[in-house]
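Inspection log for the structure reproduced underneath, given as structure tokens.
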Amino acid sequence: MASQFKLLESFEVQSQYTAFFTGNQIAWTQDGNHMLCQDGAKIHMLELESGKVLYSFDNSTGDSDIKDDPVTAFSVCEDEFGSYLFASYRSGLMIKWCRKENKILRTWKSVHKGPVAQIAVDEDCLYLATGGSDSKIRVWELANFNCIASLKGCQGVTSVLKFRPNSNEVFAAGDDCKIRSWSVSDGAEKLVLESHFSQVTAFAFSENQLISAGRDAVICLWNLDKGTILKTIPIFESIEGLVLLPNDCILPGNYHVGSNSGPHVAVAGEKGVVRVWQVEKAKEVYVQSDSQISPSAEPGGLAVISLMLNGNTLAMVGVEHTIVLHSLSDFKCQRLLTGYCDEILDITFCGKDDTHLAVASNSPDIKLYRMKDMHCILLKGHTDIVLALCATPLQPNLLASSAKDNSVRLWIVDEEQSTATCVASGMIHMNSVGAIAFSRTTANWLYSGAQDNCIKAWEIKNSDGQYTLSSKHSVIAHDKEINGLSVSPNDKIVASASQDKTAKLWNSDLTLIGTLRGHKRGVWCARFSPADQVLATGSADCTVRLWNLADLTCIKTFEGHDASVLKLEFVAAGLQFLTSSGDGLLKLWTVKNSECCLTLDGHEGRVWALAVHSDKAHFASGGSDSKFVIWKDTTVEKQEQARKEMVERVEQDQTLSNLLHNKMYDAALELALQLNRPNTSLKIIQTLSEDKNMLRACVEKLSPELQESLLQLALKWNTNTRNCSMAQLILEFMLTEGSVQLSTQDLAHALAYTQKHFQRLSQLRADLHFLTYTAARMTLMPDEA
């Protein structure tokens, strides 16, 4: 059976998903289709529909002082002339970008004594305001980038900065918990709004009113004409985001937000849910019930860091760099994007035809991605970091997970709705559960291994959709924590890999069969071959060992990695296997000859996770660089391409032979240069050298690219005494009439060897004259005698 499968030879990256949002600054374009997300020194342009980064605004100017300068704040604006991005950097550099062309239009210095914390642009793109950490706010005129005002009064770091619509005023809040406003024209302070007792985090304008919220758990309504507070609403939650809802929107429950009912605001903070308030009546009209963002673990902590509104869509930005898009009418999650996964610990394909990819990272939530558009949902249930994931092809919508909370959970994935529900859980282990594996012939058993050195066999029962998970067998299996589990294709043997440098084989009821010893360090993973009665193990000693299950002996050792072998998976029906390592490399090994036939470099850190797609043509890898990569098998394409290239090469060789036979030297020289045939080109030049006019005509017909190729060949021939005469002919033409100019380096190279040849010929000529003279004198000697 295995012989029917061809060996894999090539893989290429089909798609990769890496961190695009690692900071706390984010902006939404007016068209609602894109977001700009901060990632260190870059700002990424994210397409919401596909979840992919289109391009990045990267200040890579080559100057070592600002090459990796982190972005501290940015803002976008649009006018009739175009769309612009204004960004500030820690060094004090300010840059104006053309957003659509990704082009720098202007750079200047912020003049602030410290980083710029906030940037705001007025609605007409006439003025730019920068709020620093030096208790100052500066206003810039964008026509000529002059600083027209330096506004004082705001204390500490500027937390909020906005221009008031249809007004010549700028509002800001700082560390003194006060909101101040200034006139842009003369820089005079106009209002000081004082009521908050903690940092103001957001405010919004509604005609002549201002609505503000902060970390003191209150919403304040202000009259801007009089500068007085109208209402203070305690909401018992630290607020980070606030947006004013439009008058024509409809909320769940058919609640209409009308202009006659006063301003409505949506707020979010430490509870991780959106709450809508009718401000004038101090009435809460809606509370979100199924938020994708978890509440803060501590009172006063962070959960939601920002709220944004674009049309009828509300965006929540979570502290774990998740972006959730909701429709105001029903508040259902339309789109969830994860900007930063942190360290990816495990991945697995699930769903019918493996339409989804489950990812475990440094989070209690499992990220479930829909492969076609990378829409993500968060599976909540574990209370500590998820360590391992497992799926079974026998029941594609069944997913198992284990975590540091000592528990094992079962999930049912709804592919149509792209949701998942926890249907069963078990918590019997006494420590973190780091390995799980389904049985192979049925989906009725699940095995788990933990840091308590125990392996447990769980029976899965399904009664009319009601799942139960009960532990039937348990054994203290190893002296140290268990890193990996694998079940044989016939379900008769379970293999365990441990930090105690051993792998062990167990019956299905967890009675010991034998111990595999030989690794010099901890064993990270174990996998049964689908074709032969062998087991492969990967270890921290940088090797993979293949074990015979009949006598428990090591039959092969694979060496090649420079760091721990963390995961391995068999492919090509057991003829080959893939490994991932702590050196960031993936390797493809052939079992028969024990050789590494392919090395893939797609990660910048440890590759913890490896999963093979059910079609056997794709696999996924994930690691500590917060990136998971989808690889595609391109063996057939490469072989077909090689076959076509071989056929084309044979045809071209025959064409070249025909041209030489027919003495069509101009076409032959052109084809020889195209095929990179130096010897054939030299022979053609030698033939043409008998008639310099013909040689000159042939060279003149060549394109500049081919003349450049011929020039490089001539420089190489010039280094050889045998071929230097032909090289000199070509160099003479290039220097006098050729369309390709020699570079300074090439000219110096040619001159050095030319002088060497000249000196050799001069010496040869002198020697020839001496020999002629000597022969003549020897002829005259008898007569003289």
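Residues in the structure tokens are numbered from 1 in each chain, the chains being A, B, ... in the order shown, and ligands are numbered from 1 in the order shown.
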Distance query stretch 624-626 of chain A at most 8 Å, only C-alpha atoms, self and fewer than 4 positions along chain excluded, as an mmCIF file with C-alpha atoms, in the first residue's frame:
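Resulting contents of around.cif:
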data_model
loop_
_atom_site.group_PDB
_atom_site.id
_atom_site.type_symbol
_atom_site.label_atom_id
_atom_site.label_comp_id
_atom_site.auth_asym_id
_atom_site.auth_seq_id
_atom_site.Cartn_x
_atom_site.Cartn_y
_atom_site.Cartn_z
ATOM 1 C CA THR A 18 1.709 36.750 11.975
ATOM 2 C CA ALA A 19 1.286 39.511 14.528
ATOM 3 C CA TYR A 340 -1.210 38.946 18.428
ATOM 4 C CA CYS A 341 -1.305 35.278 19.445
ATOM 5 C CA ASP A 342 1.755 35.388 21.678
ATOM 6 C CA GLU A 343 3.539 32.014 21.787
ATOM 7 C CA ILE A 344 1.654 29.323 19.852
ATOM 8 C CA LEU A 345 1.793 26.075 21.821
ATOM 9 C CA HIS A 603 9.850 30.726 11.811
ATOM 10 C CA GLU A 604 12.112 32.845 13.996
ATOM 11 C CA GLY A 605 11.860 30.821 17.191
ATOM 12 C CA ARG A 606 10.829 27.457 18.594
ATOM 13 C CA VAL A 607 8.284 25.622 16.449
ATOM 14 C CA TRP A 608 6.037 24.051 19.067
#
request  = From a DSSP pass on the backbone, collect the residues of stretch 163-365 of chain A flagged as strand (DSSP E or B) and hand them back as a VMD selection string.
outcome  = chain A and resid 163 169 to 173 178 to 183 189 to 194 200 to 206 209 to 214 218 to 223 228 to 234 239 to 244 250 to 251 255 to 256 264 to 269 275 to 278 283 to 287 304 to 310 313 to 318 322 to 327 333 to 338 344 to 350 356 to 361
Could you write out that same residue set with C-alpha atoms as a CSV table (one decimal), in the first residue's frame?
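After the write, result-v7.csv holds the following:
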chain,number,residue,atom,x,y,z
A,163,PHE,CA,-10.8,68.7,17.9
A,169,GLU,CA,-11.3,74.5,19.6
A,170,VAL,CA,-9.1,71.6,20.7
A,171,PHE,CA,-9.9,69.5,23.9
A,172,ALA,CA,-7.5,67.4,25.9
A,173,ALA,CA,-7.3,65.5,29.2
A,178,LYS,CA,-9.3,67.6,34.1
A,179,ILE,CA,-10.6,68.3,30.6
A,180,ARG,CA,-9.4,71.5,29.1
A,181,SER,CA,-10.1,73.4,25.8
A,182,TRP,CA,-8.2,76.0,23.9
A,183,SER,CA,-8.8,78.2,21.0
A,189,GLU,CA,-7.5,78.5,27.4
A,190,LYS,CA,-11.3,78.6,27.2
A,191,LEU,CA,-12.7,75.8,29.5
A,192,VAL,CA,-11.5,73.7,32.4
A,193,LEU,CA,-14.0,70.9,33.2
A,194,GLU,CA,-13.3,69.4,36.6
A,200,VAL,CA,-10.1,60.5,31.7
A,201,THR,CA,-9.9,57.9,29.0
A,202,ALA,CA,-12.5,59.0,26.4
A,203,PHE,CA,-15.0,61.7,25.6
A,204,ALA,CA,-17.3,62.6,22.7
A,205,PHE,CA,-19.1,65.7,21.5
A,206,SER,CA,-22.9,66.0,21.0
A,209,GLN,CA,-22.5,69.0,25.1
A,210,LEU,CA,-19.5,66.8,26.0
A,211,ILE,CA,-19.8,63.3,27.4
A,212,SER,CA,-16.7,62.0,29.2
A,213,ALA,CA,-15.8,58.8,31.0
A,214,GLY,CA,-12.7,57.6,32.9
A,218,VAL,CA,-18.6,57.5,36.1
A,219,ILE,CA,-20.0,59.2,33.0
A,220,CYS,CA,-20.2,63.0,33.0
A,221,LEU,CA,-22.4,65.2,30.8
A,222,TRP,CA,-21.1,68.7,30.3
A,223,ASN,CA,-22.6,71.9,28.9
A,228,THR,CA,-20.8,73.3,33.8
A,229,ILE,CA,-21.6,69.7,34.6
A,230,LEU,CA,-25.1,68.6,33.9
A,231,LYS,CA,-25.1,65.0,35.2
A,232,THR,CA,-22.8,62.5,36.7
A,233,ILE,CA,-23.8,58.8,36.2
A,234,PRO,CA,-22.1,56.1,38.3
A,239,ILE,CA,-14.2,52.8,31.3
A,240,GLU,CA,-11.6,52.8,28.5
A,241,GLY,CA,-13.8,53.3,25.4
A,242,LEU,CA,-16.7,55.6,24.7
A,243,VAL,CA,-18.5,56.4,21.4
A,244,LEU,CA,-21.5,58.5,20.6
A,250,ILE,CA,-31.6,50.6,16.2
A,251,LEU,CA,-30.3,48.5,19.1
A,255,TYR,CA,-34.8,50.1,20.7
A,256,HIS,CA,-34.6,53.2,18.5
A,264,HIS,CA,-26.8,57.8,23.7
A,265,VAL,CA,-23.3,56.5,24.3
A,266,ALA,CA,-21.8,53.0,24.2
A,267,VAL,CA,-19.1,52.4,26.8
A,268,ALA,CA,-16.8,49.5,27.6
A,269,GLY,CA,-14.1,48.8,30.1
A,275,ARG,CA,-23.2,49.0,27.7
A,276,VAL,CA,-25.4,51.7,26.1
A,277,TRP,CA,-26.6,54.6,28.2
A,278,GLN,CA,-29.2,57.3,27.6
A,283,LYS,CA,-30.6,55.2,32.0
A,284,GLU,CA,-28.9,52.0,30.8
A,285,VAL,CA,-30.8,50.8,27.8
A,286,TYR,CA,-28.7,47.9,26.7
A,287,VAL,CA,-26.0,45.5,28.1
A,304,VAL,CA,-11.5,46.6,26.5
A,305,ILE,CA,-9.0,49.3,25.6
A,306,SER,CA,-10.9,51.1,22.9
A,307,LEU,CA,-14.2,51.4,21.1
A,308,MET,CA,-14.7,52.6,17.5
A,309,LEU,CA,-17.8,53.2,15.4
A,310,ASN,CA,-18.0,53.2,11.6
A,313,THR,CA,-20.6,48.7,12.9
A,314,LEU,CA,-19.0,48.9,16.4
A,315,ALA,CA,-15.5,47.7,17.0
A,316,MET,CA,-14.2,46.5,20.4
A,317,VAL,CA,-10.4,46.3,20.9
A,318,GLY,CA,-9.4,44.0,23.7
A,322,THR,CA,-8.4,41.1,19.7
A,323,ILE,CA,-10.6,43.2,17.4
A,324,VAL,CA,-14.3,42.3,17.5
A,325,LEU,CA,-16.8,43.8,15.0
A,326,HIS,CA,-20.4,44.0,16.0
A,327,SER,CA,-23.6,45.1,14.2
A,333,CYS,CA,-20.1,39.1,16.3
A,334,GLN,CA,-19.5,39.8,12.6
A,335,ARG,CA,-15.8,39.4,12.6
A,336,LEU,CA,-13.1,38.7,15.1
A,337,LEU,CA,-9.4,39.3,14.4
A,338,THR,CA,-6.5,38.4,16.6
A,344,ILE,CA,1.7,29.3,19.9
A,345,LEU,CA,1.8,26.1,21.8
A,346,ASP,CA,-0.3,23.7,19.7
A,347,ILE,CA,-2.5,23.7,16.6
A,348,THR,CA,-4.9,21.2,15.0
A,349,PHE,CA,-7.2,21.0,12.1
A,350,CYS,CA,-10.9,20.2,12.8
A,356,HIS,CA,-11.1,25.2,10.7
A,357,LEU,CA,-7.8,25.5,12.5
A,358,ALA,CA,-7.7,25.5,16.3
A,359,VAL,CA,-4.8,27.4,17.9
A,360,ALA,CA,-3.6,27.2,21.6
A,361,SER,CA,-1.5,30.1,22.7
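The shortest atom-to-atom distance to A:Leu399, with only C-alpha atoms taken into account, belongs to A:Ile366 out of A:Leu695, A:Leu549, A:Ile366, A:Ala750.
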Mind checking which residues fall within 10 Å of A:Lys592, counting only C-alpha atoms, ignoring those fewer than 4 positions away in the same chain, and posting them as a JSON list (two decimals) with C-alpha atoms, in the first residue's frame?
[["chain", "number", "residue", "atom", "x", "y", "z"],
["A", 556, "LYS", "CA", 17.45, 4.07, 13.09],
["A", 575, "LEU", "CA", 7.41, 6.76, 3.97],
["A", 576, "GLN", "CA", 8.46, 10.15, 5.33]]
key: Expected answer as JSON, numbers by chain: helix (DSSP H, G or I) residues in stretch 623-653 of chain A   = {"A": [635, 636, 637, 638, 639, 640, 641, 642, 643, 644, 645, 646, 647, 648, 649, 650, 651, 652, 653]}
Go ahead and save the picked residues with N, CA, C and O atoms, as a PDB file, in the first residue's frame.
ATOM      1  N   THR A 635       5.226  19.305  -4.761  1.00  0.00           N
ATOM      2  CA  THR A 635       6.062  18.296  -5.416  1.00  0.00           C
ATOM      3  C   THR A 635       5.660  18.096  -6.869  1.00  0.00           C
ATOM      4  O   THR A 635       6.501  18.096  -7.773  1.00  0.00           O
ATOM      5  N   VAL A 636       4.363  17.913  -7.119  1.00  0.00           N
ATOM      6  CA  VAL A 636       3.888  17.676  -8.478  1.00  0.00           C
ATOM      7  C   VAL A 636       4.180  18.877  -9.362  1.00  0.00           C
ATOM      8  O   VAL A 636       4.643  18.737 -10.509  1.00  0.00           O
ATOM      9  N   GLU A 637       3.924  20.085  -8.842  1.00  0.00           N
ATOM     10  CA  GLU A 637       4.186  21.299  -9.623  1.00  0.00           C
ATOM     11  C   GLU A 637       5.674  21.439  -9.953  1.00  0.00           C
ATOM     12  O   GLU A 637       6.038  21.781 -11.089  1.00  0.00           O
ATOM     13  N   LYS A 638       6.537  21.147  -8.964  1.00  0.00           N
ATOM     14  CA  LYS A 638       7.979  21.251  -9.211  1.00  0.00           C
ATOM     15  C   LYS A 638       8.436  20.224 -10.231  1.00  0.00           C
ATOM     16  O   LYS A 638       9.273  20.519 -11.112  1.00  0.00           O
ATOM     17  N   GLN A 639       7.914  18.994 -10.118  1.00  0.00           N
ATOM     18  CA  GLN A 639       8.298  17.962 -11.071  1.00  0.00           C
ATOM     19  C   GLN A 639       7.828  18.312 -12.480  1.00  0.00           C
ATOM     20  O   GLN A 639       8.557  18.094 -13.454  1.00  0.00           O
ATOM     21  N   GLU A 640       6.615  18.838 -12.584  1.00  0.00           N
ATOM     22  CA  GLU A 640       6.101  19.234 -13.888  1.00  0.00           C
ATOM     23  C   GLU A 640       6.912  20.389 -14.456  1.00  0.00           C
ATOM     24  O   GLU A 640       7.229  20.424 -15.655  1.00  0.00           O
ATOM     25  N   GLN A 641       7.273  21.341 -13.595  1.00  0.00           N
ATOM     26  CA  GLN A 641       8.093  22.458 -14.041  1.00  0.00           C
ATOM     27  C   GLN A 641       9.468  21.977 -14.491  1.00  0.00           C
ATOM     28  O   GLN A 641       9.994  22.430 -15.520  1.00  0.00           O
ATOM     29  N   ALA A 642      10.059  21.042 -13.745  1.00  0.00           N
ATOM     30  CA  ALA A 642      11.361  20.501 -14.138  1.00  0.00           C
ATOM     31  C   ALA A 642      11.268  19.750 -15.469  1.00  0.00           C
ATOM     32  O   ALA A 642      12.185  19.828 -16.303  1.00  0.00           O
ATOM     33  N   ARG A 643      10.169  19.014 -15.662  1.00  0.00           N
ATOM     34  CA  ARG A 643       9.994  18.293 -16.924  1.00  0.00           C
ATOM     35  C   ARG A 643       9.877  19.265 -18.093  1.00  0.00           C
ATOM     36  O   ARG A 643      10.496  19.072 -19.151  1.00  0.00           O
ATOM     37  N   LYS A 644       9.098  20.334 -17.900  1.00  0.00           N
ATOM     38  CA  LYS A 644       8.957  21.325 -18.964  1.00  0.00           C
ATOM     39  C   LYS A 644      10.279  22.016 -19.258  1.00  0.00           C
ATOM     40  O   LYS A 644      10.615  22.269 -20.420  1.00  0.00           O
ATOM     41  N   GLU A 645      11.032  22.314 -18.206  1.00  0.00           N
ATOM     42  CA  GLU A 645      12.332  22.957 -18.412  1.00  0.00           C
ATOM     43  C   GLU A 645      13.290  22.036 -19.142  1.00  0.00           C
ATOM     44  O   GLU A 645      14.079  22.487 -19.998  1.00  0.00           O
ATOM     45  N   MET A 646      13.242  20.739 -18.821  1.00  0.00           N
ATOM     46  CA  MET A 646      14.107  19.784 -19.510  1.00  0.00           C
ATOM     47  C   MET A 646      13.742  19.695 -20.992  1.00  0.00           C
ATOM     48  O   MET A 646      14.620  19.689 -21.866  1.00  0.00           O
ATOM     49  N   VAL A 647      12.428  19.600 -21.299  1.00  0.00           N
ATOM     50  CA  VAL A 647      11.986  19.544 -22.690  1.00  0.00           C
ATOM     51  C   VAL A 647      12.408  20.807 -23.431  1.00  0.00           C
ATOM     52  O   VAL A 647      12.908  20.759 -24.563  1.00  0.00           O
ATOM     53  N   GLU A 648      12.215  21.953 -22.786  1.00  0.00           N
ATOM     54  CA  GLU A 648      12.598  23.216 -23.414  1.00  0.00           C
ATOM     55  C   GLU A 648      14.098  23.291 -23.635  1.00  0.00           C
ATOM     56  O   GLU A 648      14.565  23.781 -24.669  1.00  0.00           O
ATOM     57  N   ARG A 649      14.875  22.779 -22.670  1.00  0.00           N
ATOM     58  CA  ARG A 649      16.330  22.801 -22.794  1.00  0.00           C
ATOM     59  C   ARG A 649      16.787  21.904 -23.946  1.00  0.00           C
ATOM     60  O   ARG A 649      17.693  22.261 -24.707  1.00  0.00           O
ATOM     61  N   VAL A 650      16.154  20.722 -24.070  1.00  0.00           N
ATOM     62  CA  VAL A 650      16.503  19.826 -25.174  1.00  0.00           C
ATOM     63  C   VAL A 650      16.177  20.472 -26.513  1.00  0.00           C
ATOM     64  O   VAL A 650      16.966  20.414 -27.464  1.00  0.00           O
ATOM     65  N   GLU A 651      15.018  21.120 -26.596  1.00  0.00           N
ATOM     66  CA  GLU A 651      14.631  21.797 -27.840  1.00  0.00           C
ATOM     67  C   GLU A 651      15.601  22.929 -28.181  1.00  0.00           C
ATOM     68  O   GLU A 651      15.991  23.105 -29.339  1.00  0.00           O
ATOM     69  N   GLN A 652      16.005  23.682 -27.157  1.00  0.00           N
ATOM     70  CA  GLN A 652      16.932  24.778 -27.391  1.00  0.00           C
ATOM     71  C   GLN A 652      18.321  24.271 -27.799  1.00  0.00           C
ATOM     72  O   GLN A 652      18.985  24.879 -28.646  1.00  0.00           O
ATOM     73  N   ASP A 653      18.740  23.155 -27.175  1.00  0.00           N
ATOM     74  CA  ASP A 653      20.024  22.572 -27.563  1.00  0.00           C
ATOM     75  C   ASP A 653      20.013  22.136 -29.023  1.00  0.00           C
ATOM     76  O   ASP A 653      20.993  22.342 -29.762  1.00  0.00           O
TER      77      ASP A 653
END
